[in-house]
$ cat protein-v9.pdb   # PDB, C-alpha atoms and all ligand atoms
ATOM      1  CA  MET A   1      17.261  11.826  52.138
ATOM      2  CA  LYS A   2      16.308  13.358  48.833
ATOM      3  CA  SER A   3      15.509   9.993  47.217
ATOM      4  CA  LEU A   4      13.402   9.040  50.249
ATOM      5  CA  LEU A   5      11.426  12.259  49.973
ATOM      6  CA  THR A   6      10.967  11.708  46.254
ATOM      7  CA  ALA A   7       9.759   8.164  46.985
ATOM      8  CA  ILE A   8       7.199   9.497  49.494
ATOM      9  CA  ALA A   9       6.061  12.101  46.978
ATOM     10  CA  THR A  10       5.719   9.461  44.264
ATOM     11  CA  ALA A  11       3.825   7.182  46.659
ATOM     12  CA  GLY A  12       1.386  10.010  47.335
ATOM     13  CA  VAL A  13       0.758  10.504  43.624
ATOM     14  CA  ILE A  14       0.392   6.759  43.024
ATOM     15  CA  ALA A  15      -2.058   6.517  45.937
ATOM     16  CA  PHE A  16      -4.045   9.327  44.316
ATOM     17  CA  ALA A  17      -4.096   7.514  40.983
ATOM     18  CA  ALA A  18      -5.107   4.234  42.660
ATOM     19  CA  ALA A  19      -7.831   5.945  44.691
ATOM     20  CA  GLY A  20      -9.095   7.507  41.466
ATOM     21  CA  ALA A  21      -9.412   4.147  39.708
ATOM     22  CA  GLN A  22     -12.838   3.001  40.864
ATOM     23  CA  ALA A  23     -15.168   0.398  39.405
ATOM     24  CA  SER A  24     -17.362   1.587  36.565
ATOM     25  CA  THR A  25     -21.039   2.339  37.084
ATOM     26  CA  THR A  26     -23.445   2.141  34.136
ATOM     27  CA  PHE A  27     -26.739   4.013  34.257
ATOM     28  CA  ASN A  28     -29.283   2.362  31.972
ATOM     29  CA  LEU A  29     -31.414   5.334  31.005
ATOM     30  CA  GLY A  30     -34.306   3.530  29.289
ATOM     31  CA  GLY A  31     -37.485   2.852  31.241
ATOM     32  CA  SER A  32     -41.179   3.597  31.494
ATOM     33  CA  TYR A  33     -42.463   6.062  28.881
ATOM     34  CA  VAL A  34     -42.210   9.759  29.779
ATOM     35  CA  SER A  35     -43.616  12.164  27.164
ATOM     36  CA  GLY A  36     -41.790  15.208  28.612
ATOM     37  CA  ALA A  37     -40.509  15.968  32.131
ATOM     38  CA  ASP A  38     -38.353  18.773  33.565
ATOM     39  CA  SER A  39     -35.964  16.162  34.953
ATOM     40  CA  LEU A  40     -35.550  12.421  35.504
ATOM     41  CA  TYR A  41     -33.691  10.913  38.442
ATOM     42  CA  TYR A  42     -31.526   7.773  38.543
ATOM     43  CA  HIS A  43     -29.531   6.137  41.327
ATOM     44  CA  GLU A  44     -26.857   3.470  40.859
ATOM     45  CA  ASN A  45     -24.001   2.197  43.096
ATOM     46  CA  GLY A  46     -24.465   5.134  45.497
ATOM     47  CA  ILE A  47     -24.243   7.748  42.699
ATOM     48  CA  GLY A  48     -27.251   9.991  42.011
ATOM     49  CA  LEU A  49     -27.928  11.281  38.493
ATOM     50  CA  THR A  50     -30.417  13.974  37.435
ATOM     51  CA  VAL A  51     -31.099  14.178  33.691
ATOM     52  CA  THR A  52     -32.301  17.493  32.208
ATOM     53  CA  ALA A  53     -32.476  18.935  28.674
ATOM     54  CA  GLN A  54     -31.623  22.211  26.902
ATOM     55  CA  HIS A  55     -30.707  23.289  23.377
ATOM     56  CA  TYR A  56     -27.917  25.149  21.574
ATOM     57  CA  HIS A  57     -27.089  26.710  18.203
ATOM     58  CA  GLY A  58     -23.974  26.100  16.093
ATOM     59  CA  SER A  59     -20.819  26.352  18.193
ATOM     60  CA  GLY A  60     -22.699  27.904  21.138
ATOM     61  CA  ASN A  61     -23.392  26.636  24.641
ATOM     62  CA  PRO A  62     -26.588  25.070  26.018
ATOM     63  CA  HIS A  63     -29.354  27.452  27.112
ATOM     64  CA  SER A  64     -33.127  27.424  27.731
ATOM     65  CA  SER A  65     -34.805  24.397  29.247
ATOM     66  CA  GLU A  66     -36.353  21.613  27.202
ATOM     67  CA  LYS A  67     -38.314  18.557  28.321
ATOM     68  CA  VAL A  68     -36.665  15.168  28.824
ATOM     69  CA  THR A  69     -38.395  12.203  27.156
ATOM     70  CA  ARG A  70     -37.944   8.527  27.982
ATOM     71  CA  PHE A  71     -38.528   5.279  26.134
ATOM     72  CA  GLY A  72     -37.439   1.686  26.741
ATOM     73  CA  ALA A  73     -34.478   2.392  24.438
ATOM     74  CA  GLY A  74     -33.200   5.507  26.244
ATOM     75  CA  VAL A  75     -33.725   9.221  26.927
ATOM     76  CA  GLY A  76     -34.317  12.061  24.450
ATOM     77  CA  ALA A  77     -35.323  15.742  24.460
ATOM     78  CA  LYS A  78     -38.143  17.876  23.167
ATOM     79  CA  ASN A  79     -38.205  21.678  22.781
ATOM     80  CA  TRP A  80     -41.960  21.933  22.274
ATOM     81  CA  SER A  81     -44.908  19.630  21.792
ATOM     82  CA  HIS A  82     -44.358  19.123  18.032
ATOM     83  CA  ASP A  83     -40.636  18.405  18.283
ATOM     84  CA  ASP A  84     -39.356  14.892  17.674
ATOM     85  CA  PRO A  85     -38.927  13.175  21.089
ATOM     86  CA  LEU A  86     -35.431  11.989  20.116
ATOM     87  CA  VAL A  87     -32.252  14.069  20.593
ATOM     88  CA  ASP A  88     -32.312  15.857  17.231
ATOM     89  CA  GLY A  89     -31.454  19.074  15.429
ATOM     90  CA  ASN A  90     -34.844  19.735  13.825
ATOM     91  CA  ASN A  91     -36.868  22.933  14.286
ATOM     92  CA  HIS A  92     -33.769  25.200  14.351
ATOM     93  CA  TYR A  93     -32.745  23.854  17.749
ATOM     94  CA  ASN A  94     -30.141  21.228  18.579
ATOM     95  CA  ASP A  95     -31.279  19.266  21.610
ATOM     96  CA  VAL A  96     -28.836  18.563  24.448
ATOM     97  CA  VAL A  97     -29.368  16.068  27.265
ATOM     98  CA  ASN A  98     -27.538  17.090  30.463
ATOM     99  CA  PHE A  99     -26.213  14.592  33.012
ATOM    100  CA  ASN A 100     -25.889  16.139  36.492
ATOM    101  CA  PHE A 101     -24.173  13.800  38.982
ATOM    102  CA  ASP A 102     -24.368  14.326  42.755
ATOM    103  CA  GLN A 103     -20.608  13.693  43.051
ATOM    104  CA  THR A 104     -17.458  14.052  40.971
ATOM    105  CA  VAL A 105     -17.137  11.272  38.408
ATOM    106  CA  LYS A 106     -14.909  10.327  35.499
ATOM    107  CA  LEU A 107     -16.848   9.976  32.263
ATOM    108  CA  GLU A 108     -16.079   6.716  30.485
ATOM    109  CA  SER A 109     -18.583   6.005  27.710
ATOM    110  CA  VAL A 110     -22.051   6.574  26.294
ATOM    111  CA  MET A 111     -24.247   4.205  24.305
ATOM    112  CA  PHE A 112     -26.977   5.256  21.873
ATOM    113  CA  SER A 113     -30.144   3.858  20.314
ATOM    114  CA  TYR A 114     -31.163   4.716  16.718
ATOM    115  CA  PHE A 115     -27.559   5.874  16.074
ATOM    116  CA  ASP A 116     -26.322   5.555  12.475
ATOM    117  CA  ASP A 117     -29.505   3.623  11.690
ATOM    118  CA  GLU A 118     -30.419   5.611   8.557
ATOM    119  CA  LYS A 119     -32.088   3.453   5.928
ATOM    120  CA  LYS A 120     -33.332   6.473   3.985
ATOM    121  CA  ARG A 121     -31.779   7.376   0.638
ATOM    122  CA  ILE A 122     -31.851  10.956  -0.614
ATOM    123  CA  LYS A 123     -30.833  13.051  -3.616
ATOM    124  CA  VAL A 124     -28.256  15.741  -2.928
ATOM    125  CA  CYS A 125     -29.029  19.333  -3.896
ATOM    126  CA  VAL A 126     -26.544  20.661  -6.472
ATOM    127  CA  ALA A 127     -27.980  24.137  -7.108
ATOM    128  CA  ARG A 128     -29.789  26.607  -4.855
ATOM    129  CA  TYR A 129     -31.600  29.840  -5.569
ATOM    130  CA  HIS A 130     -32.426  32.138  -2.640
ATOM    131  CA  GLY A 131     -31.981  29.181  -0.302
ATOM    132  CA  TRP A 132     -34.342  26.894  -2.252
ATOM    133  CA  CYS A 133     -33.008  23.810  -4.005
ATOM    134  CA  VAL A 134     -33.557  24.139  -7.763
ATOM    135  CA  ASP A 135     -31.581  21.105  -8.994
ATOM    136  CA  TYR A 136     -30.812  17.696  -7.497
ATOM    137  CA  ASP A 137     -28.075  15.235  -8.364
ATOM    138  CA  ARG A 138     -29.403  12.253 -10.350
ATOM    139  CA  ILE A 139     -28.142   9.514  -8.022
ATOM    140  CA  TRP A 140     -29.641   8.477  -4.709
ATOM    141  CA  VAL A 141     -27.230   8.318  -1.762
ATOM    142  CA  PRO A 142     -27.691   7.190   1.872
ATOM    143  CA  ALA A 143     -29.120   9.956   4.070
ATOM    144  CA  PRO A 144     -26.564  11.608   6.410
ATOM    145  CA  ASP A 145     -26.242   9.570   9.589
ATOM    146  CA  ASP A 146     -25.794  10.532  13.230
ATOM    147  CA  GLU A 147     -23.079  12.437  15.049
ATOM    148  CA  PHE A 148     -23.168  14.061  18.475
ATOM    149  CA  SER A 149     -21.772  17.083  20.316
ATOM    150  CA  PHE A 150     -20.177  16.901  23.748
ATOM    151  CA  PHE A 151     -20.547  19.446  26.562
ATOM    152  CA  ALA A 152     -18.709  19.715  29.889
ATOM    153  CA  GLU A 153     -17.641  22.246  32.504
ATOM    154  CA  LYS A 154     -14.354  23.911  31.580
ATOM    155  CA  ASP A 155     -12.862  27.094  33.089
ATOM    156  CA  GLY A 156     -15.970  27.377  35.276
ATOM    157  CA  GLU A 157     -18.398  27.403  32.349
ATOM    158  CA  TYR A 158     -20.655  24.642  31.009
ATOM    159  CA  GLN A 159     -19.740  24.687  27.331
ATOM    160  CA  GLN A 160     -19.473  22.885  24.009
ATOM    161  CA  ILE A 161     -16.243  20.879  23.914
ATOM    162  CA  ALA A 162     -16.518  19.017  20.609
ATOM    163  CA  ASN A 163     -18.969  18.245  17.815
ATOM    164  CA  ASN A 164     -19.330  15.682  15.034
ATOM    165  CA  LEU A 165     -18.282  12.859  17.363
ATOM    166  CA  ASP A 166     -19.154   9.427  16.044
ATOM    167  CA  GLY A 167     -19.232   5.904  17.472
ATOM    168  CA  ASN A 168     -21.613   3.657  19.358
ATOM    169  CA  PRO A 169     -20.669   2.964  22.055
ATOM    170  CA  TYR A 170     -18.441   6.038  22.278
ATOM    171  CA  ASN A 171     -15.471   5.711  24.643
ATOM    172  CA  PHE A 172     -14.023   8.977  25.949
ATOM    173  CA  ILE A 173     -10.236   8.859  25.646
ATOM    174  CA  TYR A 174      -9.471  12.041  27.618
ATOM    175  CA  ASP A 175     -10.111  12.081  31.357
ATOM    176  CA  TRP A 176     -13.306  14.096  31.733
ATOM    177  CA  ILE A 177     -13.685  14.513  35.490
ATOM    178  CA  GLY A 178     -16.579  16.584  36.781
ATOM    179  CA  ASP A 179     -20.232  16.414  37.803
ATOM    180  CA  LYS A 180     -21.955  17.702  34.652
ATOM    181  CA  PHE A 181     -21.752  16.487  31.050
ATOM    182  CA  GLY A 182     -23.984  16.895  28.009
ATOM    183  CA  ILE A 183     -24.700  15.007  24.800
ATOM    184  CA  GLY A 184     -26.436  16.830  21.943
ATOM    185  CA  ALA A 185     -27.344  16.483  18.271
ATOM    186  CA  SER A 186     -24.543  17.911  16.078
ATOM    187  CA  ASP A 187     -26.619  18.629  12.989
ATOM    188  CA  LYS A 188     -30.233  18.809  11.853
ATOM    189  CA  ASN A 189     -29.940  15.337  10.286
ATOM    190  CA  ASP A 190     -29.031  13.718  13.630
ATOM    191  CA  GLU A 191     -31.642  11.797  15.645
ATOM    192  CA  PHE A 192     -30.936   9.369  18.477
ATOM    193  CA  LEU A 193     -31.696   8.369  22.059
ATOM    194  CA  ILE A 194     -29.079   7.996  24.793
ATOM    195  CA  LYS A 195     -29.319   4.430  26.035
ATOM    196  CA  SER A 196     -26.726   4.423  28.822
ATOM    197  CA  ILE A 197     -23.870   6.400  30.343
ATOM    198  CA  THR A 198     -20.914   4.831  32.159
ATOM    199  CA  VAL A 199     -18.851   6.704  34.762
ATOM    200  CA  SER A 200     -16.535   5.865  37.637
ATOM    201  CA  ALA A 201     -16.601   7.569  41.021
ATOM    202  CA  VAL A 202     -13.657   9.804  41.957
ATOM    203  CA  PRO A 203     -13.420   9.898  45.771
ATOM    204  CA  LEU A 204     -11.862  13.362  46.081
ATOM    205  CA  PRO A 205     -12.139  13.763  49.909
ATOM    206  CA  ALA A 206     -10.064  10.582  50.436
ATOM    207  CA  ALA A 207      -7.579  11.204  47.637
ATOM    208  CA  LEU A 208      -6.898  14.931  47.969
ATOM    209  CA  PRO A 209      -4.942  14.948  51.291
ATOM    210  CA  LEU A 210      -2.601  12.241  49.884
ATOM    211  CA  TYR A 211      -2.209  14.138  46.653
ATOM    212  CA  GLY A 212      -1.644  17.367  48.579
ATOM    213  CA  ALA A 213       0.984  15.652  50.783
ATOM    214  CA  GLY A 214       2.734  14.393  47.639
ATOM    215  CA  LEU A 215       2.840  17.875  46.147
ATOM    216  CA  ALA A 216       4.070  19.415  49.429
ATOM    217  CA  VAL A 217       6.946  16.903  49.669
ATOM    218  CA  MET A 218       7.884  17.534  46.036
ATOM    219  CA  GLY A 219       7.829  21.259  46.759
ATOM    220  CA  PHE A 220      10.136  20.725  49.763
ATOM    221  CA  VAL A 221      12.566  18.714  47.594
ATOM    222  CA  GLY A 222      12.608  21.557  45.071
ATOM    223  CA  TRP A 223      13.212  24.118  47.850
ATOM    224  CA  ARG A 224      16.129  22.077  49.287
ATOM    225  CA  LYS A 225      17.661  21.835  45.798
ATOM    226  CA  ARG A 226      17.354  25.567  45.230
ATOM    227  CA  ARG A 227      18.816  26.341  48.688
ATOM    228  CA  LYS A 228      21.771  23.998  48.067
ATOM    229  CA  ALA A 229      22.405  25.612  44.680
ATOM    230  CA  ALA A 230      22.261  29.080  46.287
ATOM    231  CA  ALA A 231      24.733  28.013  49.015
ATOM    232  CA  GLN A 232      27.193  26.706  46.406
ATOM    233  CA  ALA A 233      26.992  29.862  44.287
TER
HETATM  234 CA    CA A 301     -36.103  16.453  19.960
HETATM  235 CA    CA A 302     -25.096  13.927  10.833
HETATM  236 CA    CA A 303     -22.293   8.670  12.156
HETATM  237 CA    CA A 304     -30.776   8.048  13.802
END
$ encode --input "protein-v9.pdb" --output "structure tokens"
Amino acid sequence: MKSLLTAIATAGVIAFAAAGAQASTTFNLGGSYVSGADSLYYHENGIGLTVTAQHYHGSGNPHSSEKVTRFGAGVGAKNWSHDDPLVDGNNHYNDVVNFNFDQTVKLESVMFSYFDDEKKRIKVCVARYHGWCVDYDRIWVPAPDDEFSFFAEKDGEYQQIANNLDGNPYNFIYDWIGDKFGIGASDKNDEFLIKSITVSAVPLPAALPLYGAGLAVMGFVGWRKRRKAAAQA
């Protein structure tokens, strides 16, 4: 009896996992030029996506609206008219592009344009006086290249999860399941566009009853065990 119940419980969990494994959907974010909009809308494979922009400081969370920009190569963000239209950390603000899905999805990967494309060479400051550089190293080195920060909903709050992430495309190894994610510039030397984002749908209404049934059966098995142990004592 017990092994049968365990089998049913396991089947429920496996069904949940199988239901959760859906085909990937890639949103290609590039398109007709947009100099600055409050939001951009995309629709792919039955999933709706609204793209917005904000900014953040240091280890803080996104706040205050920015404008979303769009080029053939992807989407960016702009905090005022003179700001670079890419996702960047210039002008004391680090841009963040927010991805708001109309259903729960699992985040799989993002792809960038102009990422780690630095051809510039710079001299590194070796001495500062009151914040101003007063001496530079004699050799030229490649300019710092691009890294990004990642934002997601955790404990009910949309917040910064990690910074200085690197890689293009970047594949998320942890299961980020939710309906809102953000990609921002990590540092003031970062500038890029977000070319595409790949997610898979998580059909919660279909999967949850099975998952719930699995948990309930496992709970019943645990209760039977405890009752048996109590009877023997
Ligand atoms: Ca910008
Ligand atoms: Ca950097
Ligand atoms: Ca890099
Ligand atoms: Ca760049």
$ closest_residue --input "protein-v9.pdb" --among "A:Gln103, A:Asn189, A:Ser196, A:Asn163" --to "ligand CA 302 (chain A)" --atoms "only C-alpha atoms and all ligand atoms"
A:Asn189
$ resolve_selection --input "protein-v9.pdb" --expression "the PyMOL selection byres (((chain A and resi 30) around 9) and not hetatm)" --output "PyMOL selection string"
chain A and resi 28-29+31-33+70-75+194-196
$ atom_distance --input "protein-v9.pdb" --atom1 "atom CA of A:Lys123" --atom2 "atom CA of A:Asp135"
9.7 Å
$ resolve_selection --input "protein-v9.pdb" --expression "the PyMOL selection byres (((not hetatm)) within 9 of (chain A and resi 302))" --output "list in words"
Asp116, Ala143, Pro144, Asp145, Asp146, Glu147, Phe148, Asn164, Ala185, Ser186, Asp187, Lys188, Asn189, Asp190 and Glu191 of chain A
$ atom_distance --input "protein-v9.pdb" --atom1 "atom CA of A:Gln159" --atom2 "atom CA of A:Gly60"
7.6 Å
$ resolve_selection --input "protein-v9.pdb" --expression "the PyMOL selection byres (((chain A and resi 82-93) around 7) and not hetatm)" --output "MDAnalysis selection string"
chainID A and resid 55:57 69 76:81 94:96 184:185 187:193
$ residues_around --input "protein-v9.pdb" --residues "stretch 153-157 of chain A" --least-positions-apart "6" --cutoff "9 Å" --atoms "all atoms listed in the file" --output "short mmCIF file (atom, residue, chain, number, x, y, z; two decimals) with C-alpha atoms, in the frame of the given file"
data_model
loop_
_atom_site.label_atom_id
_atom_site.label_comp_id
_atom_site.auth_asym_id
_atom_site.auth_seq_id
_atom_site.Cartn_x
_atom_site.Cartn_y
_atom_site.Cartn_z
CA GLY A 178 -16.58 16.58 36.78
CA ASP A 179 -20.23 16.41 37.80
CA LYS A 180 -21.96 17.70 34.65
CA PHE A 181 -21.75 16.49 31.05
#
$ atom_distance --input "protein-v9.pdb" --atom1 "atom CA of A:Thr25" --atom2 "atom CA of A:Thr52"
19.5 Å
$ closest_residue --input "protein-v9.pdb" --among "A:Tyr136, A:Tyr114, A:Tyr129, A:Phe172" --to "ligand CA 303 (chain A)" --atoms "only C-alpha atoms and all ligand atoms"
A:Tyr114
$ residues_around --input "protein-v9.pdb" --residues "A:Leu49" --least-positions-apart "2" --cutoff "9 Å" --atoms "only C-alpha atoms" --output "PyMOL selection string"
chain A and resi 27+40-44+47+51+99-103
$ write_last_selection --input "protein-v9.pdb" --atoms "C-alpha atoms" --output "PDB file, in the coordinates of the input"
ATOM      1  CA  PHE A  27     -26.739   4.013  34.257  1.00  0.00           C
ATOM      2  CA  LEU A  40     -35.550  12.421  35.504  1.00  0.00           C
ATOM      3  CA  TYR A  41     -33.691  10.913  38.442  1.00  0.00           C
ATOM      4  CA  TYR A  42     -31.526   7.773  38.543  1.00  0.00           C
ATOM      5  CA  HIS A  43     -29.531   6.137  41.327  1.00  0.00           C
ATOM      6  CA  GLU A  44     -26.857   3.470  40.859  1.00  0.00           C
ATOM      7  CA  ILE A  47     -24.243   7.748  42.699  1.00  0.00           C
ATOM      8  CA  VAL A  51     -31.099  14.178  33.691  1.00  0.00           C
ATOM      9  CA  PHE A  99     -26.213  14.592  33.012  1.00  0.00           C
ATOM     10  CA  ASN A 100     -25.889  16.139  36.492  1.00  0.00           C
ATOM     11  CA  PHE A 101     -24.173  13.800  38.982  1.00  0.00           C
ATOM     12  CA  ASP A 102     -24.368  14.326  42.755  1.00  0.00           C
ATOM     13  CA  GLN A 103     -20.608  13.693  43.051  1.00  0.00           C
TER      14      GLN A 103
END
$ closest_residue --input "protein-v9.pdb" --among "A:Gln160, A:Gln22, A:Thr198, A:Asn168" --to "ligand CA 304 (chain A)" --atoms "all atoms listed in the file"
A:Asn168
$ closest_residue --input "protein-v9.pdb" --among "A:Ile173, A:Val199, A:Val124, A:Val68" --to "ligand CA 301 (chain A)" --atoms "only C-alpha atoms and all ligand atoms"
A:Val68
$ closest_residue --input "protein-v9.pdb" --among "A:Leu165, A:Ala201, A:Leu107, A:Ala152" --to "A:Asn61" --atoms "all atoms listed in the file"
A:Ala152
$ closest_residue --input "protein-v9.pdb" --among "A:Gly167, A:Gly48, A:Gly182, A:Pro203" --to "ligand CA 303 (chain A)" --atoms "only C-alpha atoms and all ligand atoms"
A:Gly167
$ residues_around --input "protein-v9.pdb" --residues "A:Pro169" --least-positions-apart "3" --cutoff "7 Å" --atoms "all atoms listed in the file" --output "VMD selection string"
chain A and resid 109 to 112
